[in-house]
Amino acid sequence: MRMSGKSLRCFGLVGMGGAGKTTLAMSIYNKIHSKFEGSFFSVNTRAEVQDKGSLGLVAVQKKIVMNLLKKEDVKINDVAHGKAVLADKLSNVNALVILDDVDDNRHLDALYKPLQSSLGPKSLVIITTRDRKILESAKPTKIFDIEGLDKEMSKWLFYWHAFMRPKPPVELEEVSERVIEACNGLPLALKVVGSHLYNVSDKSYWEESFTYLQKHKTEIFDVLRISFDRLDSEEKEAFLDICCFLIDENEDLACAVLNACYGMGRTYLHELQNKCLLTTYVDKRKKDVIRRIRVHDQLRHMGRRIIREERRDRAWDEETANDILQDERAPASLRGLSVWSHIPLPVEASHSGSLPQLSHGVTCLPRLRILVVKDNMSKSASTEQRRFCPHYIFNNVRCAELRWLRWEGDPFQELPRGLRSTKLGSCGATSKPYKRTAHGKATEIAALGYERLQRVDGIGHDEPQIPPIGIRASCHFI
């Protein structure tokens, strides 16, 4: 993969989920990125686009230009405009770009093709995918098949996660080898199952775990599920919240949200990290170095599948909102919701008759703790549909258990009555001040700093006042 100097080169890494494609690509990136004029690693491209559609592709296009040109911001209107910007702005820049987890030819068309036509001759693009046909359509210089680890490497990885040493205790050696064989050489499974069995000396528990893996070894979801099932109840809820709403968020924000919901933030993140259910990474794209939350796409898929098939109490995009909220029983158990401001909620969920009732006919979402409303300024609902959009619905629905609110686009001067929860612990503001917000104690509100706050209901003259703080352009606060 050394620079040829003649023309841009493209390499592909193909293999099943959990085989280590992203880890390998990241290792290559860390080793050689300093040799290029600019570099960018697009992690989990599929997830970025899957959750946000064409807006996700535009977001990746922006990140590529901003990172390679070291600019703070760049204007891109849509995918077609983004392709033109990439082709124009990046002309003859010698760069390293990694497009991780690409699973659609549209991703190549929007991201790789404009780079292919514009980047300098010493540039290198690496694409990771589970679909060989995707790579073949990119016509790379070479495709590498990423297969499972061999027996010795599998042992080494598993033993360090299960025992924190290169050899197992004698009494667990035989069952360890059987567990390793059941993981089928997949690094992710070896790490997660090894961490699951860490500090467990009961041989019968190891035997049970092996039996479980033997039964489910063809489905990685079930292999990973063994670690989730061992979490305590609130750790499970925290993990599911992260899978649905907190991937790629600032670690400090994630701690604040989990602390508001469960009374523990840093502790739960630490425990989940110890069990290899999440990692963190450093985002250096802006002036401030930010540590963000990362969850392997297979683990994210596991968490969301548990929600879809069993819990049905969180909705993180339009598809799951339409699926889950059409169930008349869903509003009573809904714990988290992420929606677009311009997309009407399903009529079944919007109709007051479908929501649980408080006294005097006031409707409520009694268990909703997390609400994220994303803004799309380029779209708007029709007048007829508008009354089913989040702005209208949440002005009339009581959310007494709400703990984290992020509402982009500032559609109101003050928080709707339905969102003024006395338990609101973490909130996101954007461009305008709220005249009125949640009830709360000044000591809690000042914990992370409020910005542009004009009034807090529930704080009397005898309560401690909010101290002066620094102003930030956008913040989340307690």
# chains A, B, ... in the order shown; residues from 1 in each chain; ligands from 1
$ residues_around --residues "Glu234 (chain A)" --least-positions-apart "3" --cutoff "8 Å" --atoms "only C-alpha atoms" --output "MDAnalysis selection string"
chainID A and resid 237:238 262
$ residues_around --residues "Ala87 (chain A)" --least-positions-apart "5" --cutoff "7 Å" --atoms "only C-alpha atoms" --output "MDAnalysis selection string"
chainID A and resid 114:115 117:118
$ select_by_dssp --residues "region 65-189 of chain A" --states "helix (DSSP H, G or I)" --output "JSON, numbers by chain"
{"A": [65, 66, 67, 68, 69, 79, 80, 81, 82, 83, 84, 85, 86, 87, 88, 89, 105, 106, 107, 108, 109, 110, 111, 112, 113, 114, 115, 116, 117, 118, 132, 133, 134, 135, 136, 137, 138, 151, 152, 153, 154, 155, 156, 157, 158, 159, 160, 161, 162, 163, 170, 171, 172, 173, 174, 175, 176, 177, 178, 179, 180, 181, 182, 187, 188, 189]}
$ closest_residue --among "A:Ile134, A:Leu334, A:Asn184, A:Glu207" --to "Asp103 (chain A)" --atoms "only C-alpha atoms"
A:Ile134
$ select_by_dssp --residues "region 303-347 of chain A" --states "strand (DSSP E or B)" --output "PyMOL selection string"
chain A and resi 314-315+336-340
$ write_last_selection --atoms "N, CA and C atoms" --output "PDB file, in the first residue's frame"
ATOM      1  N   ARG A 314     -38.134   1.463  22.220  1.00  0.00           N
ATOM      2  CA  ARG A 314     -37.303   2.562  21.743  1.00  0.00           C
ATOM      3  C   ARG A 314     -37.445   2.641  20.227  1.00  0.00           C
ATOM      4  N   ALA A 315     -37.420   3.858  19.692  1.00  0.00           N
ATOM      5  CA  ALA A 315     -37.479   4.049  18.236  1.00  0.00           C
ATOM      6  C   ALA A 315     -36.419   5.076  17.864  1.00  0.00           C
ATOM      7  N   GLY A 336     -37.538   5.671  24.753  1.00  0.00           N
ATOM      8  CA  GLY A 336     -36.693   6.578  23.989  1.00  0.00           C
ATOM      9  C   GLY A 336     -37.221   6.751  22.587  1.00  0.00           C
ATOM     10  N   LEU A 337     -37.074   7.959  22.033  1.00  0.00           N
ATOM     11  CA  LEU A 337     -37.622   8.249  20.709  1.00  0.00           C
ATOM     12  C   LEU A 337     -36.720   9.247  19.996  1.00  0.00           C
ATOM     13  N   SER A 338     -36.331   8.912  18.758  1.00  0.00           N
ATOM     14  CA  SER A 338     -35.577   9.836  17.911  1.00  0.00           C
ATOM     15  C   SER A 338     -36.324   9.962  16.594  1.00  0.00           C
ATOM     16  N   VAL A 339     -36.755  11.175  16.250  1.00  0.00           N
ATOM     17  CA  VAL A 339     -37.582  11.397  15.064  1.00  0.00           C
ATOM     18  C   VAL A 339     -37.132  12.663  14.349  1.00  0.00           C
ATOM     19  N   TRP A 340     -37.599  12.811  13.095  1.00  0.00           N
ATOM     20  CA  TRP A 340     -37.378  14.042  12.337  1.00  0.00           C
ATOM     21  C   TRP A 340     -38.522  15.011  12.617  1.00  0.00           C
TER      22      TRP A 340
END
$ closest_residue --among "A:Lys284, A:Lys167, A:Arg406, A:Lys236" --to "Lys63 (chain A)" --atoms "only C-alpha atoms"
A:Lys284
$ closest_residue --among "A:Leu277, A:Leu69, A:Cys364, A:Leu402" --to "Ala260 (chain A)" --atoms "only C-alpha atoms"
A:Leu402
$ residues_around --residues "Cys399 (chain A)" --least-positions-apart "3" --cutoff "8 Å" --atoms "only C-alpha atoms" --output "list of chain:residue names"
A:Cys364, A:Leu365, A:Pro366, A:Arg367, A:Leu368, A:Arg369, A:Leu402, A:Gly418, A:Leu419, A:Arg420, A:Ser421
